[in-house]
>>> print(open('work.cif').read())   # mmCIF, C-alpha atoms
data_entry
loop_
_atom_site.label_atom_id
_atom_site.label_comp_id
_atom_site.auth_asym_id
_atom_site.auth_seq_id
_atom_site.Cartn_x
_atom_site.Cartn_y
_atom_site.Cartn_z
CA MET Y 1 -31.15 51.85 16.44
CA THR Y 2 -31.70 48.09 16.27
CA ALA Y 3 -34.68 46.86 18.32
CA THR Y 4 -33.78 44.70 21.32
CA VAL Y 5 -36.49 42.17 20.37
CA ALA Y 6 -36.50 40.39 17.02
CA LEU Y 7 -39.69 38.80 15.69
CA ASN Y 8 -39.50 35.53 13.80
CA ALA Y 9 -41.71 36.61 10.89
CA ARG Y 10 -41.64 33.45 8.80
CA PHE Y 11 -45.44 33.39 9.27
CA GLN Y 12 -45.78 36.05 6.57
CA ALA Y 13 -45.18 33.38 3.93
CA HIS Y 14 -48.49 31.69 4.78
CA ARG Y 15 -52.15 32.46 4.11
CA VAL Y 16 -53.83 34.05 7.13
CA THR Y 17 -55.49 31.52 9.44
CA GLY Y 18 -55.54 31.37 13.25
CA MET Y 19 -51.83 31.37 14.11
CA GLN Y 20 -50.93 33.75 11.30
CA ARG Y 21 -53.70 36.13 12.39
CA TYR Y 22 -52.31 36.13 15.92
CA ALA Y 23 -48.81 36.97 14.73
CA ALA Y 24 -50.00 39.65 12.30
CA GLU Y 25 -52.28 41.32 14.84
CA LEU Y 26 -49.54 41.54 17.46
CA ALA Y 27 -46.80 42.53 15.02
CA GLY Y 28 -48.86 45.51 13.91
CA ARG Y 29 -49.51 46.63 17.46
CA LEU Y 30 -45.87 46.23 18.52
CA ALA Y 31 -44.44 48.01 15.48
CA GLY Y 32 -41.51 50.21 16.45
CA ARG Y 33 -40.69 48.10 19.50
CA ILE Y 34 -39.74 44.90 17.69
CA GLU Y 35 -37.91 44.22 14.44
CA LEU Y 36 -39.45 41.77 11.99
CA VAL Y 37 -36.93 39.27 10.64
CA ARG Y 38 -38.22 37.41 7.60
CA PRO Y 39 -36.92 35.67 4.48
CA LYS Y 40 -36.33 37.90 1.47
CA VAL Y 41 -38.81 35.75 -0.45
CA PRO Y 42 -41.66 33.68 1.04
CA LEU Y 43 -40.42 30.26 2.10
CA ALA Y 44 -42.69 27.38 3.06
CA GLY Y 45 -42.14 23.73 3.91
CA ALA Y 46 -38.59 22.42 4.25
CA LYS Y 47 -37.02 25.62 2.91
CA GLY Y 48 -38.82 27.66 5.55
CA HIS Y 49 -37.65 25.34 8.32
CA LEU Y 50 -34.06 25.49 7.05
CA TRP Y 51 -34.17 29.30 7.01
CA GLU Y 52 -35.56 29.31 10.54
CA GLN Y 53 -33.12 26.79 12.00
CA LEU Y 54 -29.92 27.88 10.22
CA TYR Y 55 -30.15 31.46 8.92
CA LEU Y 56 -32.37 33.15 11.51
CA PRO Y 57 -29.99 32.54 14.45
CA MET Y 58 -27.21 34.41 12.62
CA VAL Y 59 -29.44 37.45 12.02
CA VAL Y 60 -30.83 37.61 15.56
CA GLY Y 61 -27.42 37.79 17.21
CA LYS Y 62 -27.66 38.55 20.93
CA ARG Y 63 -31.16 40.02 20.80
CA LEU Y 64 -34.16 38.37 22.38
CA LEU Y 65 -36.11 36.45 19.75
CA TRP Y 66 -39.88 36.07 19.87
CA SER Y 67 -41.21 33.19 17.76
CA PRO Y 68 -45.02 33.58 17.65
CA ASN Y 69 -46.13 30.45 15.80
CA ASN Y 70 -45.37 27.16 17.56
CA THR Y 71 -41.87 26.83 16.15
CA GLY Y 72 -38.46 28.43 16.44
CA PRO Y 73 -34.72 27.83 16.02
CA LEU Y 74 -33.21 25.44 18.53
CA ALA Y 75 -29.87 27.27 18.30
CA VAL Y 76 -31.33 30.41 19.94
CA SER Y 77 -31.77 29.90 23.67
CA ARG Y 78 -32.59 33.58 24.34
CA GLN Y 79 -36.03 33.14 22.86
CA VAL Y 80 -39.72 33.22 23.77
CA CYS Y 81 -42.03 30.98 21.76
CA THR Y 82 -45.81 31.18 21.65
CA PHE Y 83 -47.39 27.73 21.67
CA HIS Y 84 -50.88 27.61 20.20
CA ASP Y 85 -51.44 23.87 20.50
CA LEU Y 86 -49.73 20.49 20.79
CA ILE Y 87 -51.80 18.79 18.11
CA PRO Y 88 -48.87 17.09 16.30
CA LEU Y 89 -48.03 15.38 19.61
CA ASP Y 90 -51.59 14.63 20.70
CA HIS Y 91 -52.88 13.52 17.28
CA PRO Y 92 -50.06 12.83 14.80
CA GLU Y 93 -52.49 10.75 12.73
CA TRP Y 94 -54.17 13.95 11.54
CA PHE Y 95 -51.02 15.07 9.71
CA ASN Y 96 -48.69 14.01 6.95
CA PRO Y 97 -46.20 11.62 8.65
CA ARG Y 98 -43.16 13.79 7.81
CA PHE Y 99 -44.85 16.88 9.31
CA ALA Y 100 -45.91 14.97 12.44
CA ASP Y 101 -42.43 13.47 12.89
CA TRP Y 102 -40.72 16.85 12.58
CA TYR Y 103 -42.94 18.62 15.09
CA GLY Y 104 -43.03 15.59 17.37
CA TRP Y 105 -39.24 15.88 17.55
CA LEU Y 106 -38.97 19.70 17.63
CA LEU Y 107 -41.68 20.90 20.02
CA PRO Y 108 -40.58 19.10 23.22
CA ARG Y 109 -36.93 20.09 22.68
CA LEU Y 110 -37.83 23.71 21.99
CA ALA Y 111 -40.13 23.90 25.01
CA ARG Y 112 -37.48 22.49 27.34
CA ARG Y 113 -34.67 24.67 25.96
CA LEU Y 114 -36.33 28.08 26.21
CA PRO Y 115 -36.48 30.15 29.40
CA ARG Y 116 -40.06 31.32 28.80
CA LEU Y 117 -43.08 30.13 26.84
CA ILE Y 118 -46.41 31.76 26.07
CA ALA Y 119 -49.54 29.61 25.85
CA VAL Y 120 -52.74 30.99 24.32
CA SER Y 121 -54.97 29.09 26.76
CA GLU Y 122 -54.87 27.21 30.03
CA PHE Y 123 -55.62 24.04 28.05
CA THR Y 124 -52.53 24.53 25.88
CA LYS Y 125 -50.45 25.22 28.97
CA SER Y 126 -51.60 21.94 30.50
CA ARG Y 127 -50.64 20.03 27.34
CA ILE Y 128 -47.16 21.63 27.28
CA VAL Y 129 -46.59 20.62 30.89
CA GLU Y 130 -47.71 17.04 30.31
CA LEU Y 131 -46.24 16.32 26.87
CA CYS Y 132 -43.06 18.41 26.96
CA LYS Y 133 -42.24 17.90 30.65
CA VAL Y 134 -41.62 21.54 31.51
CA PRO Y 135 -42.55 23.31 34.78
CA GLU Y 136 -45.72 25.40 34.88
CA SER Y 137 -43.73 28.31 36.25
CA LYS Y 138 -42.07 29.10 32.93
CA ILE Y 139 -45.35 29.21 30.94
CA SER Y 140 -47.41 32.41 30.81
CA VAL Y 141 -50.99 32.24 29.54
CA VAL Y 142 -51.88 35.17 27.28
CA PRO Y 143 -55.24 34.62 25.54
CA ASN Y 144 -55.82 35.65 21.95
CA GLY Y 145 -57.99 38.62 21.09
CA VAL Y 146 -60.63 39.58 18.58
CA ASP Y 147 -60.27 42.56 16.29
CA GLU Y 148 -62.65 45.51 16.54
CA ARG Y 149 -63.78 45.01 12.96
CA PHE Y 150 -65.54 41.84 14.10
CA ARG Y 151 -68.80 43.42 15.18
CA PRO Y 152 -72.45 43.21 14.02
CA GLN Y 153 -72.68 44.48 10.45
CA PRO Y 154 -75.51 46.48 8.85
CA ALA Y 155 -77.92 44.90 6.39
CA GLY Y 156 -76.25 46.62 3.43
CA SER Y 157 -72.86 45.09 4.20
CA ILE Y 158 -74.42 41.66 4.61
CA ALA Y 159 -76.22 41.99 1.26
CA ALA Y 160 -72.98 43.04 -0.46
CA MET Y 161 -71.17 40.05 1.06
CA ARG Y 162 -73.88 37.66 -0.09
CA SER Y 163 -73.56 39.01 -3.61
CA ALA Y 164 -69.75 38.81 -3.57
CA LEU Y 165 -69.79 35.17 -2.42
CA SER Y 166 -72.87 34.22 -4.49
CA LEU Y 167 -74.56 32.82 -1.39
CA PRO Y 168 -77.96 31.17 -1.89
CA GLU Y 169 -81.08 32.99 -0.68
CA GLY Y 170 -82.44 32.30 2.79
CA ASP Y 171 -80.98 31.62 6.22
CA TYR Y 172 -77.72 29.77 6.68
CA TYR Y 173 -75.69 28.01 9.31
CA LEU Y 174 -72.03 28.88 9.01
CA TYR Y 175 -68.79 27.00 9.48
CA VAL Y 176 -65.54 29.00 9.18
CA GLY Y 177 -62.17 27.26 9.25
CA SER Y 178 -59.76 25.14 7.29
CA LEU Y 179 -60.99 21.84 5.87
CA GLU Y 180 -58.83 19.39 7.81
CA PRO Y 181 -59.51 16.28 9.91
CA ARG Y 182 -59.57 17.85 13.38
CA LYS Y 183 -62.24 20.36 12.37
CA ASN Y 184 -64.71 17.46 12.28
CA LEU Y 185 -66.41 18.40 9.03
CA ALA Y 186 -67.56 14.82 8.46
CA ALA Y 187 -69.65 14.89 11.64
CA LEU Y 188 -70.96 18.36 10.81
CA LEU Y 189 -72.11 17.24 7.38
CA ARG Y 190 -73.83 14.18 8.83
CA ALA Y 191 -75.53 16.39 11.42
CA TRP Y 192 -76.59 18.81 8.71
CA LYS Y 193 -78.07 15.99 6.64
CA LYS Y 194 -80.13 14.95 9.67
CA ALA Y 195 -81.17 18.47 10.73
CA GLY Y 196 -81.81 19.66 7.18
CA GLU Y 197 -84.67 17.20 6.78
CA SER Y 198 -86.67 19.15 9.39
CA LEU Y 199 -85.81 22.65 8.15
CA PRO Y 200 -87.30 24.81 5.36
CA GLY Y 201 -85.83 24.29 1.90
CA ASP Y 202 -84.22 27.73 1.81
CA VAL Y 203 -81.97 27.08 4.85
CA HIS Y 204 -78.40 26.16 3.89
CA LEU Y 205 -75.12 25.14 5.49
CA VAL Y 206 -72.32 27.47 4.32
CA ILE Y 207 -68.77 26.13 4.70
CA ALA Y 208 -66.11 28.83 4.41
CA GLY Y 209 -62.51 27.73 4.32
CA ALA Y 210 -59.65 26.43 2.24
CA ARG Y 211 -58.67 22.79 2.11
CA GLY Y 212 -55.64 21.95 4.26
CA ARG Y 213 -52.35 21.58 2.42
CA SER Y 214 -51.71 17.98 1.37
CA GLN Y 215 -48.12 18.09 2.57
CA ILE Y 216 -49.36 18.82 6.10
CA PHE Y 217 -52.72 17.15 6.54
CA ALA Y 218 -53.39 13.47 6.09
CA GLY Y 219 -55.88 12.65 3.35
CA THR Y 220 -59.37 11.47 4.32
CA HIS Y 221 -62.22 9.93 2.37
CA GLU Y 222 -65.10 12.35 1.97
CA ASP Y 223 -68.66 11.37 1.11
CA PRO Y 224 -70.63 13.65 -1.21
CA PRO Y 225 -72.00 16.61 0.80
CA PRO Y 226 -75.70 16.63 1.70
CA PRO Y 227 -78.16 18.79 -0.23
CA ARG Y 228 -78.13 22.54 0.46
CA THR Y 229 -74.45 22.59 1.41
CA PHE Y 230 -72.60 25.57 -0.07
CA PHE Y 231 -68.79 25.81 -0.16
CA THR Y 232 -67.33 29.31 -0.50
CA GLY Y 233 -63.64 28.40 -0.50
CA TYR Y 234 -61.25 30.75 1.29
CA VAL Y 235 -63.03 33.98 2.31
CA ALA Y 236 -61.13 37.27 2.31
CA ASP Y 237 -60.76 38.96 5.70
CA GLU Y 238 -62.86 41.96 4.74
CA LEU Y 239 -65.92 39.77 4.13
CA LEU Y 240 -65.75 37.68 7.30
CA PRO Y 241 -67.55 40.09 9.70
CA SER Y 242 -70.55 40.30 7.36
CA LEU Y 243 -70.49 36.53 6.78
CA TYR Y 244 -70.66 35.93 10.54
CA SER Y 245 -73.26 38.67 11.07
CA GLY Y 246 -75.66 37.22 8.52
CA ALA Y 247 -75.64 33.69 9.91
CA LEU Y 248 -78.56 32.02 11.63
CA ALA Y 249 -75.87 30.40 13.78
CA ALA Y 250 -72.15 29.63 13.56
CA VAL Y 251 -71.39 25.92 14.02
CA TYR Y 252 -67.88 24.87 15.00
CA PRO Y 253 -67.70 21.23 16.19
CA SER Y 254 -63.89 21.01 16.20
CA LEU Y 255 -62.31 17.99 17.86
CA TYR Y 256 -59.28 19.91 19.11
CA GLU Y 257 -58.35 23.57 19.52
CA GLY Y 258 -55.52 25.30 21.31
CA PHE Y 259 -57.71 28.40 21.46
CA GLY Y 260 -60.44 28.59 18.80
CA LEU Y 261 -60.76 32.01 17.12
CA PRO Y 262 -63.80 31.40 14.86
CA PRO Y 263 -66.34 30.95 17.70
CA LEU Y 264 -65.02 34.11 19.36
CA GLU Y 265 -65.16 36.11 16.12
CA ALA Y 266 -68.68 34.84 15.47
CA MET Y 267 -69.84 35.94 18.93
CA ALA Y 268 -68.26 39.36 18.42
CA CYS Y 269 -70.39 39.72 15.28
CA GLY Y 270 -73.58 38.79 17.11
CA ALA Y 271 -73.99 35.28 15.69
CA PRO Y 272 -75.34 32.55 17.99
CA VAL Y 273 -72.64 29.89 18.38
CA ILE Y 274 -72.84 26.10 18.55
CA THR Y 275 -69.46 24.59 19.35
CA SER Y 276 -67.58 21.78 21.08
CA ASN Y 277 -67.38 21.19 24.81
CA THR Y 278 -63.81 19.88 24.60
CA THR Y 279 -60.17 21.11 24.73
CA SER Y 280 -59.86 24.93 24.93
CA ILE Y 281 -63.20 25.89 23.39
CA SER Y 282 -65.31 25.88 26.56
CA GLU Y 283 -62.61 28.00 28.19
CA VAL Y 284 -62.94 30.58 25.41
CA VAL Y 285 -66.73 30.74 24.95
CA GLY Y 286 -67.62 30.40 28.64
CA GLY Y 287 -71.39 30.00 28.99
CA ALA Y 288 -72.14 32.16 25.94
CA ALA Y 289 -72.58 29.32 23.42
CA VAL Y 290 -74.42 26.05 23.00
CA THR Y 291 -71.75 23.42 23.57
CA VAL Y 292 -72.02 19.82 22.36
CA ASN Y 293 -70.05 16.62 22.27
CA PRO Y 294 -68.33 16.94 18.88
CA THR Y 295 -68.32 13.18 18.38
CA SER Y 296 -72.12 13.02 18.65
CA VAL Y 297 -73.87 13.71 15.34
CA ASP Y 298 -77.20 13.67 17.17
CA GLU Y 299 -76.13 16.39 19.63
CA ILE Y 300 -74.87 18.65 16.84
CA ALA Y 301 -78.08 18.17 14.82
CA GLU Y 302 -80.31 18.74 17.86
CA ALA Y 303 -78.47 21.95 18.72
CA MET Y 304 -78.86 23.24 15.16
CA LEU Y 305 -82.60 22.56 15.25
CA ALA Y 306 -83.01 24.09 18.72
CA VAL Y 307 -81.34 27.33 17.70
CA ALA Y 308 -83.41 27.57 14.50
CA ALA Y 309 -86.67 26.97 16.33
CA ASN Y 310 -86.17 29.34 19.28
CA SER Y 311 -85.81 33.06 18.57
CA ARG Y 312 -85.49 33.78 22.29
CA LEU Y 313 -82.54 31.40 22.55
CA ARG Y 314 -80.90 33.09 19.57
CA SER Y 315 -81.36 36.50 21.21
CA GLU Y 316 -79.91 35.27 24.51
CA LEU Y 317 -76.92 33.72 22.76
CA ARG Y 318 -76.36 36.91 20.78
CA GLU Y 319 -76.26 39.10 23.89
CA ALA Y 320 -74.17 36.66 25.91
CA GLY Y 321 -71.76 36.22 23.00
CA LEU Y 322 -71.25 39.94 22.50
CA ALA Y 323 -70.50 40.36 26.21
CA ARG Y 324 -68.12 37.41 26.24
CA ALA Y 325 -66.22 38.52 23.14
CA ALA Y 326 -65.76 42.02 24.61
CA ARG Y 327 -63.46 40.48 27.22
CA PHE Y 328 -60.88 39.57 24.57
CA SER Y 329 -58.84 42.15 22.66
CA TRP Y 330 -55.65 42.13 20.64
CA GLU Y 331 -54.61 45.32 22.44
CA ARG Y 332 -54.62 43.50 25.76
CA CYS Y 333 -52.90 40.49 24.22
CA ALA Y 334 -50.19 42.69 22.69
CA GLY Y 335 -49.71 44.63 25.93
CA ASP Y 336 -49.33 41.51 28.07
CA THR Y 337 -46.97 39.97 25.51
CA TRP Y 338 -44.81 43.09 25.35
CA ASN Y 339 -44.59 43.31 29.14
CA LEU Y 340 -43.29 39.74 29.22
CA LEU Y 341 -40.78 40.35 26.42
CA ARG Y 342 -39.59 43.64 27.89
CA GLY Y 343 -39.05 41.99 31.27
CA LEU Y 344 -36.76 39.43 29.67
CA CYS Y 345 -34.76 42.14 27.90
#
>>> encode(input="work.cif", output="structure tokens")
Amino acid sequence: MTATVALNARFQAHRVTGMQRYAAELAGRLAGRIELVRPKVPLAGAKGHLWEQLYLPMVVGKRLLWSPNNTGPLAVSRQVCTFHDLIPLDHPEWFNPRFADWYGWLLPRLARRLPRLIAVSEFTKSRIVELCKVPESKISVVPNGVDERFRPQPAGSIAAMRSALSLPEGDYYLYVGSLEPRKNLAALLRAWKKAGESLPGDVHLVIAGARGRSQIFAGTHEDPPPPRTFFTGYVADELLPSLYSGALAAVYPSLYEGFGLPPLEAMACGAPVITSNTTSISEVVGGAAVTVNPTSVDEIAEAMLAVAANSRLRSELREAGLARAARFSWERCAGDTWNLLRGLC
């Protein structure tokens, strides 16, 4: 029997980051109730968009389509789309012009055409209302979750992770995320240069993430990184909980997030978190993190030094973070999403 809900599974062609993790986590939990529709071979870029806009509508037929990753076919009106952010509309300068132009054209039209939208945060909902001119009443906020495997890891697992990634000895601050303009790596590196001068020589900044694709993200000039900066490249999922657990603190000074999974995952693993006080991030972390103005290098550096110097603060952040992260689960996210989809069927 064909499922009454089809899932736009084009996301499976991409490496797992925030949006892809969301789609994969929910697809696994809704298996048997939805049918994944995906290209026979992975398609990215223009080919992926052509498949989505032209071929996918023919396969879906009269079923309800759920598009989980900020994009969907305009020809299918019986569709729910999950919006994670409106960054191409708010900050097109952070992207390749062709990418920004496409999403600047598509997102408002898709949002206005569909009967129901899901937003992953109240912040994202507010941006949809303002930029796409749609009523609040057709947007449901369903926050992301955090997987159970993100929890404090034992010393043996942390040691094995350090060996696998060839991490330097000593304590480390940790950044996890893609290397793209909105993540504010330039300010983080300047803050690290300033803070590092007052810290022991065996404390490092570890940056874990892959560089953004050139066809999407606009190029930026990068100065040489400060001393004691260690780049891991993309880190496999199975190593991330131990990488978070071993950190002196996770630092995430992003300029813009529609939700912000890395701070939540870090808190779930017991890492103290320093993050931005803007966009959706404060909504996600609540009062369980040190929040700073991401445009202030001094504030970021001062927060890094404060966390390093104060073991009591680290303990308080750890306990508050664990409690905060426990409020978010993919099971709840999947259940709320399914209830919405089932109601529309």
>>> residues_around(input="work.cif", residues="Pro135 of chain Y", least_positions_apart="6", cutoff="12 Å", atoms="only C-alpha atoms", output="PDB file with C-alpha atoms, keeping the file's coordinate frame")
ATOM      1  CA  ALA Y 111     -40.130  23.900  25.010  1.00  0.00           C
ATOM      2  CA  ARG Y 112     -37.480  22.490  27.340  1.00  0.00           C
ATOM      3  CA  ARG Y 113     -34.670  24.670  25.960  1.00  0.00           C
ATOM      4  CA  LEU Y 114     -36.330  28.080  26.210  1.00  0.00           C
ATOM      5  CA  PRO Y 115     -36.480  30.150  29.400  1.00  0.00           C
ATOM      6  CA  ARG Y 116     -40.060  31.320  28.800  1.00  0.00           C
ATOM      7  CA  LEU Y 117     -43.080  30.130  26.840  1.00  0.00           C
ATOM      8  CA  LYS Y 125     -50.450  25.220  28.970  1.00  0.00           C
ATOM      9  CA  SER Y 126     -51.600  21.940  30.500  1.00  0.00           C
ATOM     10  CA  ARG Y 127     -50.640  20.030  27.340  1.00  0.00           C
ATOM     11  CA  ILE Y 128     -47.160  21.630  27.280  1.00  0.00           C
ATOM     12  CA  VAL Y 129     -46.590  20.620  30.890  1.00  0.00           C
TER      13      VAL Y 129
END
>>> atom_distance(input="work.cif", atom1="atom CA of Ala334 of chain Y", atom2="atom CA of Arg29 of chain Y")
6.6 Å
>>> residues_around(input="work.cif", residues="Thr4 of chain Y", least_positions_apart="5", cutoff="9 Å", atoms="all atoms listed in the file", output="PDB file with C-alpha atoms, keeping the file's coordinate frame")
ATOM      1  CA  ARG Y  33     -40.690  48.100  19.500  1.00  0.00           C
ATOM      2  CA  ILE Y  34     -39.740  44.900  17.690  1.00  0.00           C
ATOM      3  CA  GLU Y  35     -37.910  44.220  14.440  1.00  0.00           C
ATOM      4  CA  LYS Y  62     -27.660  38.550  20.930  1.00  0.00           C
ATOM      5  CA  ARG Y  63     -31.160  40.020  20.800  1.00  0.00           C
ATOM      6  CA  LEU Y  64     -34.160  38.370  22.380  1.00  0.00           C
ATOM      7  CA  LEU Y  65     -36.110  36.450  19.750  1.00  0.00           C
ATOM      8  CA  ARG Y 342     -39.590  43.640  27.890  1.00  0.00           C
ATOM      9  CA  CYS Y 345     -34.760  42.140  27.900  1.00  0.00           C
TER      10      CYS Y 345
END
>>> closest_atom_pairs(input="work.cif", of="segment 180-297 of chain Y", to="segment 305-323 of chain Y", cutoff="8 Å", atoms="all atoms listed in the file", output="CSV")
residue,atom,partner,partner_atom,distance
Y:Ala195,CA,Y:Leu305,CA,6.3
Y:Ser198,CA,Y:Leu305,CA,7.9
Y:Leu199,CA,Y:Leu305,CA,7.8
Y:Leu248,CA,Y:Ala308,CA,7.2
Y:Ala249,CA,Y:Val307,CA,7.4
Y:Leu264,CA,Y:Gly321,CA,7.9
Y:Met267,CA,Y:Gly321,CA,4.5
Y:Ala268,CA,Y:Leu322,CA,5.1
Y:Cys269,CA,Y:Leu322,CA,7.3
Y:Gly270,CA,Y:Arg318,CA,5.0
Y:Ala271,CA,Y:Arg318,CA,5.8
Y:Pro272,CA,Y:Leu317,CA,5.2
Y:Val273,CA,Y:Leu317,CA,7.2
Y:Val285,CA,Y:Gly321,CA,7.7
Y:Gly287,CA,Y:Ala320,CA,7.8
Y:Ala288,CA,Y:Ala320,CA,4.9
Y:Ala289,CA,Y:Leu317,CA,6.2
>>> closest_residue(input="work.cif", among="Y:Cys132, Y:Val176, Y:Val37, Y:Leu340", to="Val80 of chain Y", atoms="only C-alpha atoms")
Y:Leu340
>>> closest_residue(input="work.cif", among="Y:Trp102, Y:Val5, Y:Ala191, Y:Ala23", to="Ala46 of chain Y", atoms="only C-alpha atoms")
Y:Trp102
>>> resolve_selection(input="work.cif", expression="the PyMOL selection byres ((chain Y and resi 26) around 12)", output="ChimeraX atom specification")
/Y:7,9,19-25,27-34,36,66-69,82,142,144-147,329-338
>>> resolve_selection(input="work.cif", expression="the PyMOL selection byres ((chain Y and resi 169) around 9)", output="list in words")
Arg162, Leu167, Pro168, Gly170, Asp171, Tyr172, Asp202, Val203 and His204 of chain Y
>>> closest_residue(input="work.cif", among="Y:Leu56, Y:Ala119, Y:Leu188, Y:Ile274", to="Ala6 of chain Y", atoms="all atoms listed in the file")
Y:Leu56
>>> atom_distance(input="work.cif", atom1="atom CA of Gly104 of chain Y", atom2="atom CA of Tyr175 of chain Y")
29.3 Å
